[in-house]
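S.K.: My structure file protein09.txt, compact mmCIF, C-alpha atoms, is below:
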# COMPACT_ATOMS: atom_id res chain seq x y z
CA MET C 48 -10.88 0.30 -13.78
CA THR C 49 -13.40 0.52 -16.57
CA GLY C 50 -16.79 1.98 -17.36
CA ARG C 51 -18.27 -1.43 -16.61
CA ALA C 52 -16.79 -1.28 -13.10
CA THR C 53 -18.26 2.23 -12.68
CA GLU C 54 -21.67 0.83 -13.60
CA ASP C 55 -21.20 -1.84 -10.94
CA VAL C 56 -20.31 0.83 -8.36
CA ILE C 57 -23.44 2.79 -9.30
CA ALA C 58 -25.61 -0.32 -9.04
CA SER C 59 -24.25 -1.20 -5.59
CA LEU C 60 -24.66 2.38 -4.33
CA ALA C 61 -28.21 2.61 -5.69
CA ALA C 62 -29.01 -0.62 -3.85
CA GLU C 63 -27.87 1.03 -0.62
CA ALA C 64 -29.89 4.21 -1.11
CA SER C 65 -31.37 4.37 2.36
CA PRO C 66 -33.09 7.64 3.32
CA VAL C 67 -30.83 10.29 4.84
CA ARG C 68 -31.77 13.49 6.61
CA PRO C 69 -30.12 16.49 4.93
CA LEU C 70 -28.00 18.57 7.27
CA ALA C 71 -29.12 22.13 7.92
CA PRO C 72 -27.09 24.88 6.20
CA PRO C 73 -23.62 25.22 7.79
CA LEU C 74 -24.09 28.75 9.08
CA SER C 75 -27.41 27.82 10.59
CA ARG C 76 -25.75 24.93 12.44
CA ALA C 77 -22.93 27.22 13.57
CA GLY C 78 -25.49 29.77 14.76
CA ARG C 79 -27.31 27.18 16.84
CA LEU C 80 -24.04 26.02 18.39
CA LEU C 81 -23.06 29.61 19.24
CA LEU C 82 -26.46 30.25 20.78
CA VAL C 83 -26.20 27.19 23.03
CA LEU C 84 -22.58 28.00 23.94
CA GLY C 85 -23.54 31.60 24.68
CA LEU C 86 -26.40 30.62 26.98
CA LEU C 87 -24.28 28.05 28.83
CA SER C 88 -21.39 30.52 29.16
CA VAL C 89 -23.63 33.27 30.56
CA ALA C 90 -25.12 30.82 33.05
CA THR C 91 -21.64 29.63 34.09
CA ILE C 92 -20.33 33.20 34.47
CA ILE C 93 -23.33 34.28 36.55
CA LEU C 94 -23.10 31.22 38.78
CA LEU C 95 -19.33 30.79 39.08
CA GLY C 96 -17.58 33.83 37.57
CA ASP C 97 -15.35 36.24 39.53
CA LEU C 98 -17.08 39.40 38.35
CA ASP C 99 -15.78 41.57 41.22
CA GLY C 100 -12.21 40.46 40.51
CA MET C 101 -12.67 41.30 36.88
CA ALA C 102 -14.07 44.75 37.69
CA THR C 103 -11.01 45.46 39.89
CA ARG C 104 -8.59 44.15 37.30
CA TYR C 105 -10.01 46.26 34.48
CA ALA C 106 -10.76 49.38 36.55
CA GLY C 107 -10.21 52.36 34.27
CA ARG C 108 -9.61 50.05 31.29
CA GLU C 109 -13.13 48.81 30.67
CA SER C 110 -13.06 49.69 26.99
CA MET C 111 -9.82 47.71 26.57
CA MET C 112 -11.39 44.71 28.30
CA MET C 113 -14.47 44.91 26.11
CA ALA C 114 -12.38 45.19 22.95
CA GLU C 115 -10.18 42.26 23.99
CA THR C 116 -13.13 40.05 24.87
CA GLY C 117 -14.91 41.17 21.70
CA ALA C 118 -11.88 40.13 19.62
CA MET C 119 -11.86 36.70 21.30
CA LEU C 120 -15.57 36.24 20.66
CA ALA C 121 -15.21 37.42 17.06
CA THR C 122 -12.38 34.91 16.58
CA ALA C 123 -14.57 32.15 18.03
CA ILE C 124 -17.62 33.08 15.95
CA LEU C 125 -15.69 33.34 12.67
CA ALA C 126 -13.68 30.18 13.35
CA PHE C 127 -16.81 28.15 14.14
CA CYS C 128 -18.63 29.51 11.09
CA GLY C 129 -15.58 28.65 8.94
CA ALA C 130 -15.31 25.16 10.39
CA PHE C 131 -18.97 24.42 9.67
CA ALA C 132 -18.80 25.99 6.20
CA LEU C 133 -15.72 23.93 5.26
CA SER C 134 -17.12 20.73 6.74
CA VAL C 135 -19.47 20.32 3.76
CA PRO C 136 -18.31 19.97 0.13
CA GLY C 137 -18.08 23.26 -1.73
CA GLY C 138 -17.41 25.51 1.27
CA SER C 139 -15.30 28.54 0.39
CA ARG C 140 -11.66 28.31 1.45
CA ALA C 141 -11.78 32.03 2.20
CA TRP C 142 -13.16 30.94 5.58
CA LEU C 143 -9.66 29.79 6.47
CA ALA C 144 -8.52 33.42 6.62
CA ALA C 145 -11.73 34.85 8.09
CA PRO C 146 -10.82 34.58 11.80
CA LEU C 147 -7.26 35.82 11.25
CA PRO C 148 -7.88 39.60 11.66
CA ALA C 149 -9.88 39.05 14.86
CA PHE C 150 -7.21 36.65 16.16
CA LEU C 151 -4.45 39.17 15.48
CA LEU C 152 -6.51 41.90 17.17
CA TRP C 153 -6.99 39.62 20.20
CA ILE C 154 -3.24 38.95 20.46
CA GLY C 155 -2.42 42.61 19.82
CA LEU C 156 -4.82 43.89 22.49
CA SER C 157 -3.63 41.28 24.99
CA GLY C 158 -0.02 42.26 24.26
CA ALA C 159 -0.89 45.94 24.64
CA GLY C 160 -2.54 45.18 28.00
CA CYS C 161 0.59 43.38 29.19
CA TYR C 162 2.79 46.27 28.01
CA ASP C 163 0.57 48.72 29.86
CA LEU C 164 0.89 46.58 33.01
CA MET C 165 4.68 46.55 32.67
CA LEU C 166 4.75 50.35 32.40
CA ARG C 167 2.65 50.67 35.54
CA ARG C 168 4.35 48.01 37.66
CA GLY C 169 7.88 47.97 36.29
CA LEU C 170 9.54 44.55 36.53
CA GLY C 171 6.58 43.26 38.53
CA GLY C 172 4.52 43.51 35.40
CA TRP C 173 6.79 41.16 33.51
CA GLY C 174 7.01 37.84 35.31
CA ALA C 175 4.31 35.22 35.67
CA VAL C 176 1.70 35.94 38.30
CA GLY C 177 -0.44 32.90 37.80
CA ASP C 178 0.48 29.42 38.96
CA GLY C 179 -0.67 27.61 35.85
CA ASP C 180 -4.33 27.58 36.83
CA CYS C 181 -5.26 29.68 33.85
CA VAL C 182 -3.61 27.21 31.49
CA LEU C 183 -5.46 24.37 33.17
CA PHE C 184 -8.68 26.39 32.91
CA LEU C 185 -8.09 26.95 29.20
CA LEU C 186 -7.41 23.26 28.58
CA GLY C 187 -10.34 22.10 30.71
CA ALA C 188 -12.83 24.54 29.21
CA SER C 189 -11.56 23.64 25.73
CA ALA C 190 -12.15 19.95 26.39
CA ALA C 191 -15.67 20.67 27.64
CA VAL C 192 -16.51 22.84 24.63
CA GLY C 193 -14.41 20.91 22.10
CA VAL C 194 -15.98 17.46 22.44
CA PRO C 195 -19.50 18.50 21.37
CA VAL C 196 -18.10 20.85 18.71
CA LEU C 197 -16.03 18.10 17.10
CA TRP C 198 -19.00 15.75 17.26
CA LEU C 199 -21.20 18.30 15.48
CA LEU C 200 -18.53 18.87 12.85
CA SER C 201 -18.06 15.13 12.34
CA ARG C 202 -21.70 14.73 11.27
CA ALA C 203 -20.76 16.22 7.89
CA ARG C 204 -17.90 13.69 7.33
CA PRO C 205 -15.64 16.58 6.17
CA LEU C 206 -13.50 16.10 3.08
CA GLU C 207 -10.84 18.48 4.44
CA PRO C 208 -10.49 17.39 8.07
CA LEU C 209 -7.30 19.36 8.75
CA ALA C 210 -8.84 22.71 7.82
CA VAL C 211 -12.05 21.92 9.71
CA ALA C 212 -10.23 20.69 12.82
CA THR C 213 -7.86 23.68 12.85
CA LEU C 214 -10.70 26.20 12.60
CA GLY C 215 -12.77 24.25 15.12
CA GLY C 216 -9.80 24.12 17.50
CA LEU C 217 -9.24 27.86 17.16
CA GLY C 218 -12.91 28.51 17.87
CA VAL C 219 -12.77 26.31 20.96
CA ALA C 220 -9.57 27.99 22.21
CA ALA C 221 -11.01 31.46 21.65
CA THR C 222 -14.21 30.53 23.50
CA ALA C 223 -12.18 29.20 26.43
CA ALA C 224 -10.04 32.36 26.43
CA ALA C 225 -13.15 34.57 26.46
CA LEU C 226 -14.54 32.57 29.38
CA LEU C 227 -11.22 32.91 31.21
CA GLN C 228 -11.68 36.68 31.21
CA PHE C 229 -14.45 36.20 33.79
CA PHE C 230 -12.53 33.77 35.98
CA HIS C 231 -9.04 35.26 35.93
CA PRO C 232 -8.32 36.85 39.34
CA TYR C 233 -5.29 38.90 38.30
CA ALA C 234 -3.93 40.99 35.45
CA VAL C 235 -2.16 39.13 32.66
CA THR C 236 1.59 39.65 32.40
CA LEU C 237 3.66 39.00 29.31
CA ILE C 238 4.69 35.55 30.56
CA ASP C 239 1.06 34.74 31.39
CA LEU C 240 0.10 35.77 27.89
CA ALA C 241 2.82 33.50 26.47
CA PHE C 242 1.35 30.59 28.46
CA HIS C 243 -2.13 31.47 27.22
CA LEU C 244 -0.89 31.44 23.64
CA LEU C 245 0.86 28.14 24.25
CA ALA C 246 -2.40 26.70 25.55
CA VAL C 247 -4.23 27.98 22.45
CA LEU C 248 -1.60 26.37 20.22
CA ILE C 249 -1.88 23.09 22.14
CA ILE C 250 -5.68 23.11 21.76
CA VAL C 251 -5.50 23.78 18.00
CA ALA C 252 -2.75 21.16 17.58
CA VAL C 253 -4.70 18.52 19.54
CA ALA C 254 -7.80 19.20 17.44
CA ALA C 255 -5.73 18.86 14.27
CA LEU C 256 -4.10 15.64 15.49
CA LEU C 257 -7.44 14.13 16.46
CA ARG C 258 -9.04 15.04 13.15
CA ARG C 259 -9.21 11.51 11.72
CA LEU C 260 -10.52 10.00 14.92
CA ALA C 261 -12.90 12.79 15.84
CA LEU C 262 -14.19 14.00 12.48
CA ARG C 263 -14.60 10.66 10.63
CA PRO C 264 -13.63 12.18 7.25
CA ALA C 265 -15.33 10.65 4.19
CA MET P 169 -41.02 14.37 -10.75
CA ILE P 170 -38.17 14.73 -13.23
CA SER P 171 -38.41 17.74 -15.49
CA PRO P 172 -38.11 17.01 -19.24
CA ARG P 173 -34.61 17.53 -20.55
CA PHE P 174 -35.71 19.58 -23.54
CA ARG P 175 -38.26 22.26 -22.85
CA LEU P 176 -39.16 25.15 -25.11
CA VAL P 177 -39.98 28.28 -23.18
CA PRO P 178 -42.40 30.64 -24.97
CA HIS P 179 -40.82 33.95 -25.98
CA PHE P 180 -43.23 36.79 -26.75
CA GLY P 181 -42.54 38.64 -30.00
CA ARG P 182 -39.98 36.09 -31.06
CA ALA P 183 -40.25 32.59 -32.51
CA PRO P 184 -39.22 29.90 -30.02
CA PHE P 185 -36.45 28.62 -32.28
CA GLN P 186 -34.73 31.99 -32.58
CA VAL P 187 -33.05 31.49 -29.24
CA THR P 188 -29.30 31.99 -29.62
CA ALA P 189 -27.01 29.01 -29.29
CA ASN P 190 -25.41 30.19 -26.05
CA ARG P 191 -28.72 30.97 -24.44
CA ARG P 192 -30.09 27.62 -25.47
CA GLU P 193 -27.05 25.85 -24.03
CA THR P 194 -27.51 27.75 -20.79
CA GLU P 195 -31.16 26.81 -20.67
CA LEU P 196 -30.37 23.18 -21.30
CA ALA P 197 -27.66 23.24 -18.64
CA ASN P 198 -30.08 24.83 -16.20
CA ASP P 199 -32.64 22.15 -17.01
CA GLY P 200 -29.95 19.52 -16.43
CA ASP P 201 -29.04 21.09 -13.10
CA ARG P 202 -32.68 21.15 -12.02
CA ASP P 203 -32.91 17.47 -12.96
CA TRP P 204 -29.87 16.71 -10.84
CA GLU P 205 -31.25 18.66 -7.89
CA ALA P 206 -34.58 16.81 -8.10
CA LEU P 207 -32.90 13.43 -8.49
CA LEU P 208 -30.50 13.97 -5.60
CA ALA P 209 -33.26 15.24 -3.34
CA ALA P 210 -35.27 12.11 -4.21
CA ALA P 211 -32.21 9.95 -3.54
CA GLN P 212 -31.89 11.53 -0.10
CA GLY P 213 -35.42 10.32 0.50
CA GLY P 214 -34.34 6.75 -0.26
CA ASP P 215 -35.41 6.50 -3.95
CA GLY P 216 -32.90 4.02 -5.38
CA GLU P 217 -33.96 4.52 -9.01
CA ALA P 218 -33.58 8.30 -8.74
CA TYR P 219 -30.19 7.76 -7.14
CA ARG P 220 -29.08 5.46 -9.95
CA ALA P 221 -30.28 7.96 -12.56
CA PHE P 222 -28.49 10.79 -10.75
CA LEU P 223 -25.19 8.90 -10.50
CA ARG P 224 -25.35 8.00 -14.20
CA ALA P 225 -26.27 11.55 -15.21
CA ILE P 226 -23.35 13.15 -13.37
CA LEU P 227 -20.68 10.80 -14.78
CA PRO P 228 -19.67 12.98 -17.77
CA TYR P 229 -19.37 16.05 -15.54
CA ALA P 230 -17.44 14.12 -12.88
CA ARG P 231 -15.05 12.78 -15.53
CA ALA P 232 -14.57 16.29 -16.92
CA VAL P 233 -13.71 17.67 -13.48
CA ALA P 234 -11.28 14.81 -12.80
CA ARG P 235 -9.69 15.22 -16.23
CA ARG P 236 -9.21 18.94 -15.68
CA ARG P 237 -7.50 18.28 -12.36
CA LEU P 238 -5.38 15.24 -13.30
CA GLY P 239 -4.74 15.16 -17.03
CA ASP P 240 -3.77 11.50 -16.66
CA GLU P 241 -6.40 9.51 -18.53
CA SER P 242 -5.52 6.23 -16.79
CA GLN P 243 -6.48 7.58 -13.36
CA ILE P 244 -9.74 9.31 -14.22
CA GLU P 245 -12.08 6.34 -13.89
CA ASP P 246 -10.52 5.38 -10.55
CA VAL P 247 -11.00 8.92 -9.26
CA VAL P 248 -14.59 9.05 -10.51
CA GLN P 249 -15.42 5.79 -8.74
CA ASP P 250 -13.74 7.01 -5.58
CA ALA P 251 -15.75 10.23 -5.85
CA LEU P 252 -19.00 8.26 -6.23
CA LEU P 253 -18.24 6.33 -3.04
CA THR P 254 -17.45 9.59 -1.22
CA LEU P 255 -20.61 11.20 -2.58
CA HIS P 256 -22.58 8.30 -1.14
CA ARG P 257 -21.08 8.88 2.31
CA VAL P 258 -21.74 12.64 2.28
CA ARG P 259 -25.02 12.76 0.36
CA HIS P 260 -26.72 14.10 3.48
CA THR P 261 -24.62 17.29 3.22
CA TYR P 262 -26.37 18.37 0.01
CA GLN P 263 -29.05 20.95 0.77
CA PRO P 264 -32.09 20.44 -1.47
CA GLY P 265 -32.65 23.41 -3.73
CA ARG P 266 -28.99 24.39 -3.86
CA PRO P 267 -26.91 23.93 -7.06
CA VAL P 268 -25.44 20.45 -7.33
CA ARG P 269 -22.41 21.28 -9.47
CA PRO P 270 -20.24 23.14 -6.89
CA TRP P 271 -21.01 20.46 -4.31
CA LEU P 272 -20.17 17.67 -6.73
CA ALA P 273 -17.07 19.41 -8.14
CA ALA P 274 -15.70 19.81 -4.61
CA ILE P 275 -16.02 16.07 -4.01
CA VAL P 276 -14.40 15.07 -7.31
CA ASN P 277 -11.64 17.66 -6.92
CA ARG P 278 -10.86 16.40 -3.43
CA ARG P 279 -10.55 12.81 -4.59
CA ALA P 280 -8.47 13.89 -7.61
CA ILE P 281 -6.08 15.78 -5.33
CA ASP P 282 -5.81 12.72 -3.08
CA ALA P 283 -5.05 10.53 -6.13
CA ALA P 284 -2.39 12.95 -7.36
CA ARG P 285 -0.74 13.04 -3.92
CA ARG P 286 -0.85 9.26 -3.68
CA ARG P 287 0.80 8.97 -7.07
CA GLY P 288 3.44 11.48 -6.00
CA ARG P 289 4.20 9.50 -2.84
CA ILE P 290 4.46 6.23 -4.78
CA GLY P 291 6.71 7.94 -7.32
CA THR P 292 9.16 9.07 -4.66
CA ARG P 293 9.25 5.78 -2.69
CA GLU P 294 9.04 3.06 -5.35
CA VAL P 295 11.25 2.28 -8.35
CA SER P 296 9.90 0.70 -11.49
CA ASP P 297 11.88 -2.42 -12.52
CA ASP P 298 11.37 -2.76 -16.26
CA LEU P 299 13.55 -5.87 -16.45
CA ALA P 300 11.37 -7.65 -13.90
CA LEU P 301 8.36 -6.79 -15.99
CA GLU P 302 9.92 -8.13 -19.18
CA THR P 303 11.22 -11.35 -17.63
CA PHE P 304 8.36 -12.44 -15.39
CA ALA P 305 5.21 -10.46 -15.96
CA ASP P 306 5.02 -9.75 -19.64
CA PRO P 307 4.19 -12.95 -21.62
CA GLU P 308 5.40 -11.41 -24.88
CA ALA P 309 8.82 -10.71 -23.41
CA ASN P 310 9.03 -14.27 -22.22
CA SER P 311 7.99 -15.67 -25.59
CA ILE P 312 10.72 -13.64 -27.29
CA GLU P 313 13.22 -15.16 -24.91
CA ALA P 314 11.87 -18.65 -25.63
CA ALA P 315 12.05 -17.99 -29.35
CA GLU P 316 15.69 -16.94 -29.02
CA ALA P 317 16.50 -20.14 -27.08
CA SER P 318 14.75 -22.25 -29.70
CA GLU P 319 16.72 -20.55 -32.46
CA THR P 320 20.01 -21.22 -30.66
CA LEU P 321 19.13 -24.89 -30.18
CA SER P 322 18.17 -25.30 -33.84
CA ARG P 323 21.45 -23.74 -34.91
CA MET P 324 23.41 -26.11 -32.69
CA MET P 325 21.46 -29.13 -33.88
CA THR P 326 22.74 -28.49 -37.40
CA GLY P 327 26.25 -29.21 -36.10
CA LEU P 328 25.28 -32.78 -35.13
CA THR P 329 25.60 -35.84 -37.38
CA PRO P 330 22.30 -37.25 -38.76
CA LYS P 331 22.50 -40.28 -36.44
CA GLN P 332 23.23 -38.13 -33.37
CA LYS P 333 20.36 -35.79 -34.23
CA GLU P 334 17.99 -38.73 -34.75
CA ALA P 335 19.02 -40.38 -31.46
CA LEU P 336 18.62 -37.10 -29.54
CA GLU P 337 15.21 -36.35 -31.00
CA LEU P 338 13.80 -39.83 -30.32
CA VAL P 339 15.24 -40.39 -26.85
CA LYS P 340 15.31 -36.90 -25.31
CA LEU P 341 12.75 -34.79 -27.18
CA LYS P 342 10.10 -37.44 -27.96
CA GLU P 343 10.99 -39.28 -24.74
CA MET P 344 10.90 -42.77 -26.30
CA SER P 345 12.42 -45.71 -24.52
CA LEU P 346 15.70 -47.03 -25.95
CA ALA P 347 13.88 -50.09 -27.34
CA GLU P 348 11.22 -47.93 -29.01
CA ALA P 349 13.86 -45.59 -30.42
CA SER P 350 15.83 -48.57 -31.68
CA ALA P 351 12.79 -50.00 -33.42
CA ALA P 352 11.93 -46.59 -34.90
CA SER P 353 15.42 -45.69 -36.13
CA GLY P 354 17.02 -49.06 -36.84
CA GLN P 355 20.01 -48.12 -34.63
CA SER P 356 21.04 -50.60 -31.98
CA VAL P 357 20.42 -49.72 -28.33
CA GLY P 358 24.20 -49.34 -27.80
CA SER P 359 24.54 -46.99 -30.80
CA LEU P 360 21.65 -44.90 -29.54
CA LYS P 361 23.30 -44.51 -26.12
CA VAL P 362 26.60 -43.47 -27.67
CA ASN P 363 24.98 -41.05 -30.15
CA VAL P 364 22.82 -39.38 -27.47
CA HIS P 365 25.87 -38.97 -25.22
CA ARG P 366 27.97 -37.46 -28.03
CA ALA P 367 25.12 -35.16 -29.14
CA ILE P 368 24.66 -33.77 -25.64
CA ARG P 369 28.39 -33.25 -25.20
CA ARG P 370 28.56 -31.34 -28.50
CA LEU P 371 25.56 -29.18 -27.59
CA ARG P 372 27.08 -28.39 -24.19
CA ARG P 373 30.33 -27.29 -25.82
CA GLY P 374 28.36 -25.10 -28.21
CA LEU P 375 26.48 -23.46 -25.32
CA ASP P 376 29.73 -22.84 -23.43
CA ARG P 377 31.22 -21.25 -26.54
CA ASP P 378 28.15 -19.00 -26.95
CA ALA P 379 28.33 -17.96 -23.31
CA ALA P 380 32.06 -17.13 -23.69
CA GLU P 381 31.33 -14.96 -26.74
Go ahead and express the file in the form of structure tokens.

M.R.:
Amino acid sequence: MTGRATEDVIASLAAEASPVRPLAPPLSRAGRLLLVLGLLSVATIILLGDLDGMATRYAGRESMMMAETGAMLATAILAFCGAFALSVPGGSRAWLAAPLPAFLLWIGLSGAGCYDLMLRRGLGGWGAVGDGDCVLFLLGASAAVGVPVLWLLSRARPLEPLAVATLGGLGVAATAAALLQFFHPYAVTLIDLAFHLLAVLIIVAVAALLRRLALRPA
Amino acid sequence: MISPRFRLVPHFGRAPFQVTANRRETELANDGDRDWEALLAAAQGGDGEAYRAFLRAILPYARAVARRRLGDESQIEDVVQDALLTLHRVRHTYQPGRPVRPWLAAIVNRRAIDAARRRGRIGTREVSDDLALETFADPEANSIEAAEASETLSRMMTGLTPKQKEALELVKLKEMSLAEASAASGQSVGSLKVNVHRAIRRLRRGLDRDAAE
């Protein structure tokens, strides 16, 4: 195509210059999302959470529980911030690595908790205790959180939908995992943890697969 | 309001024109950036003229970014146009007051990467058929072929007798009726038929011989 054709493109675009409302800065949008999610999560935990069960489960290991939940929340916060930052042109790709340390800490602390359980219970601390409810909880909570998150991300028409969807999916999975802490009635064994990780992978993969449909990339 | 492109800033204790070249370039670039920011912000408000001016002003920069990424001159204009269309779709993601260049460069770079990937995919899945291009698509190639055929025919015509050549030209090339050809050449209708038949037979033999060689 030629410079003449470029002039034609410019003329047609200028003719379609309808007013648009600039999006707020990405981190500001992420902050608002986290605030709303936080308020809704606290309300859900107070109304429906199994706080007594959690206190029993983490008796004597409160600091471990707080560190584990903190790592999940840090993963969610950094992943959401990264997704919003990368959804607009010019966002730093360093955001792709930002949630990684928190994610590794989350997995490491969860693994350490399972190992500790195995030491205390012997073989009983190895096999699956749950009946799949936790995986269903993770998937259900992720769907509830993920739909509005993907809609918010899609407003920017991201140029790199895969990166945005992957980070958004990780944020959603981490949020669901943090919520699960308050609804899980029993200690997590190694097999349970494997199922949790599988659920996280499924959530991230679904978000990545739905990227074109959900994010409407430009 | 668009700021003037050239603006001399007063410098105390120093004449305005003693600004170093680099500093002046930086100042001009900054002025240009401020123009872009103002134009794009106005475009977001629906000002079509500001939008047109903005899109025209960024073209050299967009081409430079695409050129740096691709290196293939033939693709640059396509990528720039693609980037302009993308810019239109995401113009609401620009935050007024922020630098335009990183935002714009990200858009052009993205479209250049897409173009390079597309070219890579086409390169691995499709094969260029140069012969097809020469035979059917390129008029010059076809005219060379036609010229060669004409040369062959002329060479073969020299092997015909004058009466055979005359009969062939009048009846087959000029498409005269036998009566017209007879009147034009003075040959009888029967002679014309015989001479045309013999001329064609001789040409056919010549073509067969050429093909065998």

S.K.: Counting only C-alpha atoms, which residues in chain P sit no more than 9 Å from chain C? For each one, give the nearest pair of atoms and the distance in Å, sorted by chain then residue number, as CSV.

M.R.:
residue,atom,partner,partner_atom,distance
P:Ala209,CA,C:Pro69,CA,8.9
P:Ala211,CA,C:Ala64,CA,6.7
P:Gln212,CA,C:Val67,CA,5.2
P:Gly213,CA,C:Pro66,CA,4.5
P:Gly214,CA,C:Pro66,CA,3.9
P:Asp215,CA,C:Ala64,CA,6.6
P:Gly216,CA,C:Ala61,CA,4.9
P:Glu217,CA,C:Ala61,CA,6.9
P:Ala218,CA,C:Ala61,CA,8.4
P:Tyr219,CA,C:Ala61,CA,5.7
P:Arg220,CA,C:Ala61,CA,5.2
P:Ala221,CA,C:Ala61,CA,9.0
P:Leu223,CA,C:Ile57,CA,6.5
P:Arg224,CA,C:Ile57,CA,7.4
P:Ser242,CA,C:Met48,CA,8.5
P:Gln243,CA,C:Met48,CA,8.5
P:Glu245,CA,C:Met48,CA,6.2
P:Asp246,CA,C:Met48,CA,6.0
P:Val248,CA,C:Thr53,CA,8.0
P:Gln249,CA,C:Thr53,CA,6.0
P:Leu252,CA,C:Ile57,CA,7.7
P:Leu253,CA,C:Leu60,CA,7.6
P:Thr254,CA,C:Ala265,CA,5.9
P:Leu255,CA,C:Ala265,CA,8.6
P:His256,CA,C:Leu60,CA,7.0
P:Arg257,CA,C:Ala265,CA,6.3
P:Val258,CA,C:Arg204,CA,6.4
P:Arg259,CA,C:Val67,CA,7.7
P:His260,CA,C:Pro69,CA,4.4
P:Thr261,CA,C:Leu70,CA,5.4
P:Tyr262,CA,C:Pro69,CA,6.5
P:Gln263,CA,C:Pro69,CA,6.2
P:Pro264,CA,C:Pro69,CA,7.8
P:Pro270,CA,C:Gly137,CA,5.6
P:Trp271,CA,C:Gly137,CA,4.8
P:Leu272,CA,C:Pro136,CA,7.5
P:Ala273,CA,C:Gly137,CA,7.5
P:Ala274,CA,C:Gly137,CA,5.1
P:Ile275,CA,C:Pro136,CA,6.1
P:Arg278,CA,C:Leu206,CA,7.0
P:Arg279,CA,C:Leu206,CA,8.9

S.K.: Using CA of Ala220 in chain C and CA of Ala106 in chain C as the two end points, give the distance in Å to one decimal.

M.R.: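 Rounded to one decimal, the two atoms are 25.8 Å apart.
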
S.K.: Fewer than 4 positions away in the same chain doesn't count, so skip those; otherwise give me all residues within 10 Å of Pro208 in chain C, counting all atoms listed in the file, as a PyMOL selection string.

M.R.: chain C and resi 130+133-134+200-201+204+212-214+254-259+261-265

S.K.: For range 98-100 of chain C, work out the shell of residues within 12 Å, counting all atoms listed in the file and skipping chain neighbours fewer than 5 positions away, then give it as a compact mmCIF listing (two decimals) with C-alpha atoms, in the frame of the given file.

M.R.:
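Done, and the output landed in around07.txt:
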# COMPACT_ATOMS: atom_id res chain seq x y z
CA VAL C 89 -23.63 33.27 30.56
CA THR C 91 -21.64 29.63 34.09
CA ILE C 92 -20.33 33.20 34.47
CA ILE C 93 -23.33 34.28 36.55
CA TYR C 105 -10.01 46.26 34.48
CA ALA C 106 -10.76 49.38 36.55
CA LEU C 226 -14.54 32.57 29.38
CA LEU C 227 -11.22 32.91 31.21
CA GLN C 228 -11.68 36.68 31.21
CA PHE C 229 -14.45 36.20 33.79
CA PHE C 230 -12.53 33.77 35.98
CA HIS C 231 -9.04 35.26 35.93
CA PRO C 232 -8.32 36.85 39.34
CA TYR C 233 -5.29 38.90 38.30
CA ALA C 234 -3.93 40.99 35.45

S.K.: Rounded to one decimal place, report the CA of Tyr162 in chain C-CA of Val182 in chain C distance in Å.

M.R.: 20.4 Å

S.K.: Measure the distance from CA of Glu115 in chain C to CA of Leu152 in chain C in Å and round it to one decimal.

M.R.: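 About the pair CA of Glu115 in chain C and CA of Leu152 in chain C: they are 7.8 Å apart.
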
S.K.: I want to know what sits within 12 Å of Arg323 in chain P, based on all atoms listed in the file, with residues of the same chain fewer than 3 positions away left out; could you give that as a count of residues only?

M.R.: 12

S.K.: Just want the 12 Å neighbourhood of Arg79 in chain C, counted on all atoms listed in the file, with same-chain residues fewer than 3 positions away dropped. Output as a VMD selection string.

M.R.: chain C and resid 71 to 76 82 to 86 124 127 to 128 131 196 199

S.K.: Those selected residues, please, written with C-alpha atoms and delivered as a CSV table (one decimal), in the coordinates of the input.

M.R.:
chain,number,residue,atom,x,y,z
C,71,ALA,CA,-29.1,22.1,7.9
C,72,PRO,CA,-27.1,24.9,6.2
C,73,PRO,CA,-23.6,25.2,7.8
C,74,LEU,CA,-24.1,28.8,9.1
C,75,SER,CA,-27.4,27.8,10.6
C,76,ARG,CA,-25.8,24.9,12.4
C,82,LEU,CA,-26.5,30.2,20.8
C,83,VAL,CA,-26.2,27.2,23.0
C,84,LEU,CA,-22.6,28.0,23.9
C,85,GLY,CA,-23.5,31.6,24.7
C,86,LEU,CA,-26.4,30.6,27.0
C,124,ILE,CA,-17.6,33.1,16.0
C,127,PHE,CA,-16.8,28.2,14.1
C,128,CYS,CA,-18.6,29.5,11.1
C,131,PHE,CA,-19.0,24.4,9.7
C,196,VAL,CA,-18.1,20.8,18.7
C,199,LEU,CA,-21.2,18.3,15.5
